[in-house]
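All remarks here apply to the structure that follows.
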Amino acid sequence: MLNGSVVTTFFLTGLPHPPVLDTMLFGLFLVIYVLTVLGNLLILMVIREDSHLHTPMYYFLTNLSFIDMWFSTVTVPKLLMTLLIPGGGAISFHSCVAQFYSFHFLGSTECFLYTVMSYDRYLAISYPLRYSSLMSGRVCALLAAGTWLTGSLHSAVQTTLIFHLPYCGPNQIQHYFCDGPPILKLACADTSAIEMVIFVNIGVVASGCFLLISLSYVSIVCSILRIRTSEGRHRAFQTCASHCIVVLCFFVPCVFIYLRPGSRDAVDGVVTVFYTVLTPLLNPVVYTLRNKEVKKALFKLKDKVTFSQR
């Protein structure tokens, strides 16, 4: 045990729903999960195979696809077990710690990565002639490594704070995965100070990232309006719109769950599904259906596979 807790196993209650919907929800979430994994794997494969996509923007997109694939994998399989198997919500104390750490590690890394991606778009549109030197391969690698490192440290702080509390009584987590607010309700100690530290921790990271992203896009819009050709403006807006859609779909539910005042209720579970299950699926959808370069690379890959089978 991390803290001498007598609780050895937690039980995830899953999503609140009528039992008659178990099979339908299982099928729905299974299809979404498979599409998420395959879609993000496809993006990784396409970018790897097409040399035209070996640019900073797509380098960061490969990181995002990799994160989204595992972000969904951390939570959805356990959700499926709670829907399919009686008692499938059982999870050991140490497995709960691992799930919590992995979830917040990937989530905070994704948060930092969105900030880096907005900075990349700012440099590409505002300084097109100097872009290749400003965003060199070494700089890209350092920025990506920085997002993973800061995400790891951010998650480690939260995991340490929460799981060093004593857990000696109730063991039913009112959620479908191990997350901070429902776990803190089970602690056999005063959690008000820990809750405040976590609130400030998440608040500083989320608001800081969102502020930097907003500043980047204000600068981007100003730069786009200075582009003389309508075609150039349209292409720049289209590239940034894809990123903005994904960013909003990630940040808005996170703010609702972690930074709003008031009690946590069943609505939290539905909102959490949005950014843990649906947002990772949006990444391949948005970046393929709205991106001509990726669609062109997909057709090239399809032709290559068809030709090799002949």
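In the structure tokens, chains take letters A, B, ... by order of appearance, with residues numbered from 1 within each chain and ligands from 1 in the order shown.
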
key: Distance query stretch 224-228 of chain A at most 12 Å, only C-alpha atoms, self and fewer than 2 positions along chain excluded, as a ChimeraX atom specification   = /A:121-128,217-222,230-240

Residues near stretch 47-61 of chain A, cut-off 8 Å, only C-alpha atoms, skip fewer than 4 positions along chain, as a compact mmCIF listing (two decimals) with all heavy atoms, in the first residue's frame:
# COMPACT_ATOMS: atom_id res chain seq x y z
N ILE A 43 -3.65 7.49 -38.91
CA ILE A 43 -2.94 8.77 -39.00
C ILE A 43 -1.44 8.57 -38.81
O ILE A 43 -0.62 9.12 -39.55
CB ILE A 43 -3.49 9.77 -37.97
CG1 ILE A 43 -4.85 10.30 -38.41
CG2 ILE A 43 -2.53 10.94 -37.78
CD1 ILE A 43 -5.43 11.34 -37.50
N SER A 65 -2.05 11.85 -31.87
CA SER A 65 -2.73 10.59 -32.20
C SER A 65 -2.30 9.47 -31.25
O SER A 65 -3.13 8.66 -30.82
CB SER A 65 -2.41 10.19 -33.65
OG SER A 65 -3.01 11.09 -34.55
N LEU A 113 0.38 19.75 -25.20
CA LEU A 113 0.64 19.56 -26.62
C LEU A 113 -0.23 20.49 -27.47
O LEU A 113 0.23 21.04 -28.48
CB LEU A 113 0.39 18.10 -27.02
CG LEU A 113 0.74 17.72 -28.46
CD1 LEU A 113 2.22 17.94 -28.75
CD2 LEU A 113 0.37 16.27 -28.73
N MET A 117 1.09 23.05 -30.25
CA MET A 117 0.56 23.03 -31.62
C MET A 117 0.05 24.41 -32.03
O MET A 117 0.21 24.81 -33.20
CB MET A 117 -0.55 21.99 -31.74
CG MET A 117 -0.06 20.54 -31.62
SD MET A 117 -1.39 19.32 -31.62
CE MET A 117 -1.87 19.33 -33.35
N ASP A 120 3.04 26.44 -32.84
CA ASP A 120 3.57 26.03 -34.14
C ASP A 120 2.80 26.70 -35.28
O ASP A 120 3.39 27.20 -36.24
CB ASP A 120 3.49 24.51 -34.27
CG ASP A 120 3.76 24.02 -35.68
OD1 ASP A 120 4.89 24.18 -36.16
OD2 ASP A 120 2.81 23.51 -36.33
N ARG A 121 1.45 26.73 -35.17
CA ARG A 121 0.63 27.38 -36.20
C ARG A 121 0.90 28.89 -36.24
O ARG A 121 0.89 29.51 -37.31
CB ARG A 121 -0.85 27.12 -35.94
CG ARG A 121 -1.32 25.68 -36.15
CD ARG A 121 -1.11 25.22 -37.58
NE ARG A 121 0.26 24.76 -37.81
CZ ARG A 121 0.88 24.79 -38.97
NH1 ARG A 121 0.29 25.29 -40.03
NH2 ARG A 121 2.11 24.32 -39.10
N MET A 135 11.32 26.52 -36.24
CA MET A 135 10.77 25.24 -35.80
C MET A 135 11.56 24.10 -36.45
O MET A 135 11.06 23.33 -37.27
CB MET A 135 9.28 25.16 -36.18
CG MET A 135 8.52 24.04 -35.48
SD MET A 135 8.49 24.13 -33.69
CE MET A 135 7.35 25.47 -33.40
N SER A 136 12.82 24.01 -36.09
CA SER A 136 13.69 22.95 -36.63
C SER A 136 13.35 21.61 -35.99
O SER A 136 12.57 21.54 -35.04
CB SER A 136 15.15 23.30 -36.36
OG SER A 136 15.38 23.35 -34.96
N GLY A 137 13.94 20.56 -36.51
CA GLY A 137 13.70 19.23 -35.97
C GLY A 137 14.08 19.13 -34.50
O GLY A 137 13.39 18.48 -33.70
N CYS A 140 11.45 20.94 -32.38
CA CYS A 140 10.24 20.12 -32.31
C CYS A 140 10.40 19.00 -31.28
O CYS A 140 9.49 18.74 -30.47
CB CYS A 140 9.93 19.50 -33.67
SG CYS A 140 9.32 20.68 -34.89
N ALA A 144 8.21 18.62 -27.87
CA ALA A 144 7.42 17.41 -27.63
C ALA A 144 7.86 16.72 -26.34
O ALA A 144 7.02 16.31 -25.53
CB ALA A 144 7.57 16.45 -28.82
N GLU A 293 -4.27 17.66 -47.35
CA GLU A 293 -2.98 16.97 -47.44
C GLU A 293 -3.07 15.55 -46.90
O GLU A 293 -2.52 14.61 -47.47
CB GLU A 293 -1.91 17.76 -46.67
CG GLU A 293 -1.56 19.10 -47.31
CD GLU A 293 -0.58 19.88 -46.47
OE1 GLU A 293 -0.68 19.81 -45.23
OE2 GLU A 293 0.28 20.57 -47.05
N VAL A 294 -3.78 15.38 -45.77
CA VAL A 294 -3.92 14.06 -45.18
C VAL A 294 -4.79 13.18 -46.07
O VAL A 294 -4.49 11.99 -46.26
CB VAL A 294 -4.51 14.15 -43.76
CG1 VAL A 294 -4.78 12.75 -43.21
CG2 VAL A 294 -3.57 14.90 -42.84
N ALA A 297 -2.75 12.01 -48.91
CA ALA A 297 -1.82 10.96 -48.47
C ALA A 297 -2.55 9.64 -48.24
O ALA A 297 -1.99 8.56 -48.51
CB ALA A 297 -1.12 11.40 -47.18
N LEU A 301 -1.69 6.13 -50.06
CA LEU A 301 -1.44 4.90 -49.31
C LEU A 301 -2.36 3.79 -49.79
O LEU A 301 -1.93 2.64 -49.92
CB LEU A 301 -1.66 5.16 -47.82
CG LEU A 301 -1.41 3.97 -46.88
CD1 LEU A 301 0.05 3.52 -46.95
CD2 LEU A 301 -1.77 4.34 -45.44

ask   = A:Leu153: which residues within 12 Å, counting only C-alpha atoms, same-chain residues fewer than 6 positions away excluded, as a PyMOL selection string?
value = chain A and resi 101-102+104-106+108-109+146-147+159-160+201+205

Surrounding residues of stretch 171-184 of chain A excluding itself and chain neighbours under 3 positions, 8 Å, only C-alpha atoms, as a PDB file with all heavy atoms, in the first residue's frame:
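Output file selection_34.pdb is given in full below:
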ATOM      1  N   VAL A   7      -8.171  -0.624   2.483  1.00  0.00           N
ATOM      2  CA  VAL A   7      -8.891  -0.956   1.254  1.00  0.00           C
ATOM      3  C   VAL A   7      -7.907  -1.559   0.252  1.00  0.00           C
ATOM      4  O   VAL A   7      -6.886  -0.950  -0.075  1.00  0.00           O
ATOM      5  CB  VAL A   7      -9.561   0.293   0.647  1.00  0.00           C
ATOM      6  CG1 VAL A   7     -10.142  -0.028  -0.723  1.00  0.00           C
ATOM      7  CG2 VAL A   7     -10.649   0.810   1.566  1.00  0.00           C
ATOM      8  N   THR A   9      -9.288  -3.251  -2.628  1.00  0.00           N
ATOM      9  CA  THR A   9     -10.006  -3.273  -3.904  1.00  0.00           C
ATOM     10  C   THR A   9     -11.080  -2.192  -3.916  1.00  0.00           C
ATOM     11  O   THR A   9     -11.816  -2.014  -2.945  1.00  0.00           O
ATOM     12  CB  THR A   9     -10.679  -4.641  -4.136  1.00  0.00           C
ATOM     13  OG1 THR A   9      -9.691  -5.672  -4.074  1.00  0.00           O
ATOM     14  CG2 THR A   9     -11.357  -4.687  -5.507  1.00  0.00           C
ATOM     15  N   PHE A  10     -11.137  -1.483  -5.022  1.00  0.00           N
ATOM     16  CA  PHE A  10     -12.229  -0.530  -5.247  1.00  0.00           C
ATOM     17  C   PHE A  10     -13.226  -1.155  -6.216  1.00  0.00           C
ATOM     18  O   PHE A  10     -12.892  -2.072  -6.977  1.00  0.00           O
ATOM     19  CB  PHE A  10     -11.698   0.773  -5.841  1.00  0.00           C
ATOM     20  CG  PHE A  10     -10.920   1.622  -4.872  1.00  0.00           C
ATOM     21  CD1 PHE A  10      -9.551   1.823  -5.042  1.00  0.00           C
ATOM     22  CD2 PHE A  10     -11.552   2.243  -3.809  1.00  0.00           C
ATOM     23  CE1 PHE A  10      -8.835   2.619  -4.163  1.00  0.00           C
ATOM     24  CE2 PHE A  10     -10.840   3.039  -2.919  1.00  0.00           C
ATOM     25  CZ  PHE A  10      -9.478   3.223  -3.102  1.00  0.00           C
ATOM     26  N   PHE A  11     -14.447  -0.634  -6.207  1.00  0.00           N
ATOM     27  CA  PHE A  11     -15.472  -1.078  -7.152  1.00  0.00           C
ATOM     28  C   PHE A  11     -16.015   0.130  -7.903  1.00  0.00           C
ATOM     29  O   PHE A  11     -16.566   1.055  -7.301  1.00  0.00           O
ATOM     30  CB  PHE A  11     -16.607  -1.812  -6.426  1.00  0.00           C
ATOM     31  CG  PHE A  11     -16.215  -3.148  -5.896  1.00  0.00           C
ATOM     32  CD1 PHE A  11     -15.723  -3.271  -4.605  1.00  0.00           C
ATOM     33  CD2 PHE A  11     -16.294  -4.283  -6.689  1.00  0.00           C
ATOM     34  CE1 PHE A  11     -15.323  -4.497  -4.109  1.00  0.00           C
ATOM     35  CE2 PHE A  11     -15.907  -5.513  -6.203  1.00  0.00           C
ATOM     36  CZ  PHE A  11     -15.425  -5.643  -4.910  1.00  0.00           C
ATOM     37  N   LEU A  12     -15.809   0.121  -9.221  1.00  0.00           N
ATOM     38  CA  LEU A  12     -16.304   1.197 -10.073  1.00  0.00           C
ATOM     39  C   LEU A  12     -17.778   0.933 -10.387  1.00  0.00           C
ATOM     40  O   LEU A  12     -18.126  -0.138 -10.887  1.00  0.00           O
ATOM     41  CB  LEU A  12     -15.494   1.261 -11.368  1.00  0.00           C
ATOM     42  CG  LEU A  12     -13.993   1.523 -11.198  1.00  0.00           C
ATOM     43  CD1 LEU A  12     -13.241   1.213 -12.498  1.00  0.00           C
ATOM     44  CD2 LEU A  12     -13.744   2.969 -10.783  1.00  0.00           C
ATOM     45  N   THR A  13     -18.619   1.905 -10.085  1.00  0.00           N
ATOM     46  CA  THR A  13     -20.058   1.700 -10.316  1.00  0.00           C
ATOM     47  C   THR A  13     -20.434   1.839 -11.779  1.00  0.00           C
ATOM     48  O   THR A  13     -21.513   1.405 -12.190  1.00  0.00           O
ATOM     49  CB  THR A  13     -20.882   2.698  -9.485  1.00  0.00           C
ATOM     50  OG1 THR A  13     -20.524   4.028  -9.865  1.00  0.00           O
ATOM     51  CG2 THR A  13     -20.624   2.507  -7.993  1.00  0.00           C
ATOM     52  N   GLY A  14     -19.565   2.445 -12.576  1.00  0.00           N
ATOM     53  CA  GLY A  14     -19.845   2.625 -13.999  1.00  0.00           C
ATOM     54  C   GLY A  14     -20.732   3.824 -14.256  1.00  0.00           C
ATOM     55  O   GLY A  14     -20.994   4.638 -13.376  1.00  0.00           O
ATOM     56  N   LEU A  15     -21.218   3.921 -15.498  1.00  0.00           N
ATOM     57  CA  LEU A  15     -22.112   5.014 -15.861  1.00  0.00           C
ATOM     58  C   LEU A  15     -23.508   4.748 -15.309  1.00  0.00           C
ATOM     59  O   LEU A  15     -23.998   3.614 -15.392  1.00  0.00           O
ATOM     60  CB  LEU A  15     -22.208   5.129 -17.384  1.00  0.00           C
ATOM     61  CG  LEU A  15     -21.046   5.791 -18.121  1.00  0.00           C
ATOM     62  CD1 LEU A  15     -21.253   5.668 -19.623  1.00  0.00           C
ATOM     63  CD2 LEU A  15     -20.923   7.256 -17.726  1.00  0.00           C
ATOM     64  N   THR A  75      -9.277   4.133 -20.164  1.00  0.00           N
ATOM     65  CA  THR A  75     -10.590   4.137 -19.506  1.00  0.00           C
ATOM     66  C   THR A  75     -11.641   3.232 -20.151  1.00  0.00           C
ATOM     67  O   THR A  75     -12.420   2.594 -19.443  1.00  0.00           O
ATOM     68  CB  THR A  75     -11.160   5.569 -19.472  1.00  0.00           C
ATOM     69  OG1 THR A  75     -11.251   6.073 -20.808  1.00  0.00           O
ATOM     70  CG2 THR A  75     -10.269   6.488 -18.655  1.00  0.00           C
ATOM     71  N   LYS A  78     -12.151  -0.727 -19.292  1.00  0.00           N
ATOM     72  CA  LYS A  78     -12.754  -0.954 -17.973  1.00  0.00           C
ATOM     73  C   LYS A  78     -14.234  -0.601 -17.984  1.00  0.00           C
ATOM     74  O   LYS A  78     -15.049  -1.262 -17.332  1.00  0.00           O
ATOM     75  CB  LYS A  78     -12.016  -0.125 -16.917  1.00  0.00           C
ATOM     76  CG  LYS A  78     -12.322  -0.562 -15.483  1.00  0.00           C
ATOM     77  CD  LYS A  78     -11.889  -1.997 -15.239  1.00  0.00           C
ATOM     78  CE  LYS A  78     -12.220  -2.475 -13.849  1.00  0.00           C
ATOM     79  NZ  LYS A  78     -11.860  -3.891 -13.643  1.00  0.00           N
ATOM     80  N   LEU A  79     -14.590   0.446 -18.721  1.00  0.00           N
ATOM     81  CA  LEU A  79     -15.997   0.800 -18.882  1.00  0.00           C
ATOM     82  C   LEU A  79     -16.768  -0.336 -19.536  1.00  0.00           C
ATOM     83  O   LEU A  79     -17.888  -0.675 -19.120  1.00  0.00           O
ATOM     84  CB  LEU A  79     -16.119   2.080 -19.721  1.00  0.00           C
ATOM     85  CG  LEU A  79     -17.521   2.489 -20.184  1.00  0.00           C
ATOM     86  CD1 LEU A  79     -18.443   2.719 -18.989  1.00  0.00           C
ATOM     87  CD2 LEU A  79     -17.455   3.737 -21.055  1.00  0.00           C
ATOM     88  N   THR A  82     -17.467  -3.108 -17.039  1.00  0.00           N
ATOM     89  CA  THR A  82     -18.561  -2.822 -16.096  1.00  0.00           C
ATOM     90  C   THR A  82     -19.920  -3.033 -16.749  1.00  0.00           C
ATOM     91  O   THR A  82     -20.907  -3.327 -16.074  1.00  0.00           O
ATOM     92  CB  THR A  82     -18.481  -1.374 -15.563  1.00  0.00           C
ATOM     93  OG1 THR A  82     -18.644  -0.455 -16.653  1.00  0.00           O
ATOM     94  CG2 THR A  82     -17.157  -1.118 -14.873  1.00  0.00           C
ATOM     95  N   GLY A  89     -16.559  -4.155 -12.407  1.00  0.00           N
ATOM     96  CA  GLY A  89     -16.029  -2.883 -11.959  1.00  0.00           C
ATOM     97  C   GLY A  89     -14.970  -2.988 -10.880  1.00  0.00           C
ATOM     98  O   GLY A  89     -14.403  -1.972 -10.461  1.00  0.00           O
ATOM     99  N   CYS A  96      -5.830   0.929  -9.563  1.00  0.00           N
ATOM    100  CA  CYS A  96      -6.516   2.219  -9.536  1.00  0.00           C
ATOM    101  C   CYS A  96      -5.497   3.357  -9.564  1.00  0.00           C
ATOM    102  O   CYS A  96      -5.679   4.349 -10.275  1.00  0.00           O
ATOM    103  CB  CYS A  96      -7.393   2.300  -8.279  1.00  0.00           C
ATOM    104  SG  CYS A  96      -8.500   3.724  -8.238  1.00  0.00           S
ATOM    105  N   VAL A  97      -4.424   3.204  -8.800  1.00  0.00           N
ATOM    106  CA  VAL A  97      -3.345   4.207  -8.812  1.00  0.00           C
ATOM    107  C   VAL A  97      -2.760   4.333 -10.220  1.00  0.00           C
ATOM    108  O   VAL A  97      -2.558   5.445 -10.728  1.00  0.00           O
ATOM    109  CB  VAL A  97      -2.236   3.837  -7.808  1.00  0.00           C
ATOM    110  CG1 VAL A  97      -1.062   4.809  -7.924  1.00  0.00           C
ATOM    111  CG2 VAL A  97      -2.774   3.830  -6.385  1.00  0.00           C
ATOM    112  N   GLN A  99      -4.148   3.520 -13.115  1.00  0.00           N
ATOM    113  CA  GLN A  99      -5.116   4.100 -14.040  1.00  0.00           C
ATOM    114  C   GLN A  99      -5.217   5.611 -13.841  1.00  0.00           C
ATOM    115  O   GLN A  99      -5.234   6.377 -14.809  1.00  0.00           O
ATOM    116  CB  GLN A  99      -6.491   3.464 -13.864  1.00  0.00           C
ATOM    117  CG  GLN A  99      -7.497   3.921 -14.915  1.00  0.00           C
ATOM    118  CD  GLN A  99      -8.889   3.389 -14.665  1.00  0.00           C
ATOM    119  OE1 GLN A  99      -9.431   3.510 -13.577  1.00  0.00           O
ATOM    120  NE2 GLN A  99      -9.487   2.782 -15.693  1.00  0.00           N
ATOM    121  N   PHE A 100      -5.264   6.039 -12.585  1.00  0.00           N
ATOM    122  CA  PHE A 100      -5.345   7.471 -12.280  1.00  0.00           C
ATOM    123  C   PHE A 100      -4.121   8.212 -12.828  1.00  0.00           C
ATOM    124  O   PHE A 100      -4.248   9.245 -13.488  1.00  0.00           O
ATOM    125  CB  PHE A 100      -5.451   7.682 -10.767  1.00  0.00           C
ATOM    126  CG  PHE A 100      -5.517   9.128 -10.360  1.00  0.00           C
ATOM    127  CD1 PHE A 100      -6.739   9.772 -10.247  1.00  0.00           C
ATOM    128  CD2 PHE A 100      -4.355   9.856 -10.105  1.00  0.00           C
ATOM    129  CE1 PHE A 100      -6.799  11.120  -9.881  1.00  0.00           C
ATOM    130  CE2 PHE A 100      -4.409  11.199  -9.741  1.00  0.00           C
ATOM    131  CZ  PHE A 100      -5.640  11.823  -9.631  1.00  0.00           C
ATOM    132  N   ILE A 162      -3.354  12.352  -3.714  1.00  0.00           N
ATOM    133  CA  ILE A 162      -4.610  11.619  -3.507  1.00  0.00           C
ATOM    134  C   ILE A 162      -4.392  10.269  -2.849  1.00  0.00           C
ATOM    135  O   ILE A 162      -5.108   9.893  -1.913  1.00  0.00           O
ATOM    136  CB  ILE A 162      -5.357  11.458  -4.852  1.00  0.00           C
ATOM    137  CG1 ILE A 162      -5.936  12.810  -5.275  1.00  0.00           C
ATOM    138  CG2 ILE A 162      -6.469  10.409  -4.747  1.00  0.00           C
ATOM    139  CD1 ILE A 162      -6.649  12.794  -6.601  1.00  0.00           C
ATOM    140  N   ALA A 187     -11.989   8.906   1.109  1.00  0.00           N
ATOM    141  CA  ALA A 187     -10.859   9.027   2.042  1.00  0.00           C
ATOM    142  C   ALA A 187     -11.336   9.174   3.485  1.00  0.00           C
ATOM    143  O   ALA A 187     -12.356   9.816   3.762  1.00  0.00           O
ATOM    144  CB  ALA A 187      -9.996  10.221   1.660  1.00  0.00           C
ATOM    145  N   THR A 191     -10.215  16.167   3.454  1.00  0.00           N
ATOM    146  CA  THR A 191      -9.611  16.324   2.124  1.00  0.00           C
ATOM    147  C   THR A 191      -9.699  17.756   1.601  1.00  0.00           C
ATOM    148  O   THR A 191      -9.330  18.000   0.450  1.00  0.00           O
ATOM    149  CB  THR A 191     -10.292  15.383   1.109  1.00  0.00           C
ATOM    150  OG1 THR A 191     -11.686  15.752   0.989  1.00  0.00           O
ATOM    151  CG2 THR A 191     -10.190  13.930   1.535  1.00  0.00           C
ATOM    152  N   ARG A 264     -20.511  17.011  -7.367  1.00  0.00           N
ATOM    153  CA  ARG A 264     -20.352  16.161  -8.540  1.00  0.00           C
ATOM    154  C   ARG A 264     -21.572  15.248  -8.614  1.00  0.00           C
ATOM    155  O   ARG A 264     -21.923  14.578  -7.662  1.00  0.00           O
ATOM    156  CB  ARG A 264     -19.085  15.299  -8.412  1.00  0.00           C
ATOM    157  CG  ARG A 264     -17.881  16.052  -7.873  1.00  0.00           C
ATOM    158  CD  ARG A 264     -17.349  17.056  -8.857  1.00  0.00           C
ATOM    159  NE  ARG A 264     -16.305  17.865  -8.272  1.00  0.00           N
ATOM    160  CZ  ARG A 264     -15.639  18.793  -8.934  1.00  0.00           C
ATOM    161  NH1 ARG A 264     -15.913  19.034 -10.182  1.00  0.00           N
ATOM    162  NH2 ARG A 264     -14.702  19.497  -8.329  1.00  0.00           N
ATOM    163  N   GLY A 269     -20.583  12.194 -15.221  1.00  0.00           N
ATOM    164  CA  GLY A 269     -20.251  10.969 -15.953  1.00  0.00           C
ATOM    165  C   GLY A 269     -20.487  11.121 -17.439  1.00  0.00           C
ATOM    166  O   GLY A 269     -19.676  10.694 -18.262  1.00  0.00           O
TER     167      GLY A 269
END

request  = Taking the chain letters and numbering used in this document, name the residues of stretch 4-168 of chain A that DSSP puts in strand (DSSP E or B), as a ChimeraX atom specification.
outcome  = /A:9-12,90-92

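Nearest residue to A:Leu84, choosing from A:Ala156, A:Met24, A:Ile257, A:Leu134 and counting only C-alpha atoms: A:Met24.
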
task = For A:Leu282, list every protein, DNA or RNA residue within 9 Å, evaluated using only C-alpha atoms, and leave out those in the same chain fewer than 4 positions away; present the list as a list in words.
result = Thr36, Ile245, Val246, Cys249, Leu278, Val286 and Tyr287 of chain A

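For the choices A:Val255, A:Ile202, A:Ile91, A:Leu211, the atom-to-atom distance to A:Thr8 is smallest for A:Ile91 when using only C-alpha atoms.
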
key: Pick from A:Val277, A:Ile198, A:Val20, A:Val6, whichever lies nearest to A:Ser155 using only C-alpha atoms   = A:Ile198

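As for atom CA of A:Gly39 and atom CA of A:Leu281, they are spaced 7.4 Å apart.
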
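Atom CA of A:Cys254 to atom CA of A:Ile85 spans 28.9 Å [interatomic distance, one decimal].
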
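For the set A:Pro253, A:Cys244, A:Leu186, A:Val285, the residue with the smallest atom-to-atom gap to A:Val273 is A:Pro253, counting only C-alpha atoms.
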
inquiry  = So that I can see what lies close to A:Tyr114, please list as a PyMOL selection string the residues with an atom at most 9 Å from it, counting only C-alpha atoms and leaving out residues fewer than 5 positions away in the same chain.
reply    = chain A and resi 60+64+109+119+209-210+213+243+246-247

File of the preceding selection, C-alpha atoms, as a CSV table (one decimal), in the first residue's frame:
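Saved result, selection_29.csv, follows:
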chain,number,residue,atom,x,y,z
A,60,PHE,CA,3.0,17.1,-33.3
A,64,LEU,CA,-1.5,13.7,-30.4
A,109,THR,CA,0.4,16.0,-21.8
A,119,TYR,CA,2.5,28.0,-31.1
A,209,CYS,CA,-2.6,26.6,-21.5
A,210,PHE,CA,-5.9,28.0,-22.7
A,213,ILE,CA,-3.6,29.1,-27.0
A,243,HIS,CA,-7.1,22.6,-34.3
A,246,VAL,CA,-10.4,19.7,-31.1
A,247,VAL,CA,-9.1,22.1,-28.5
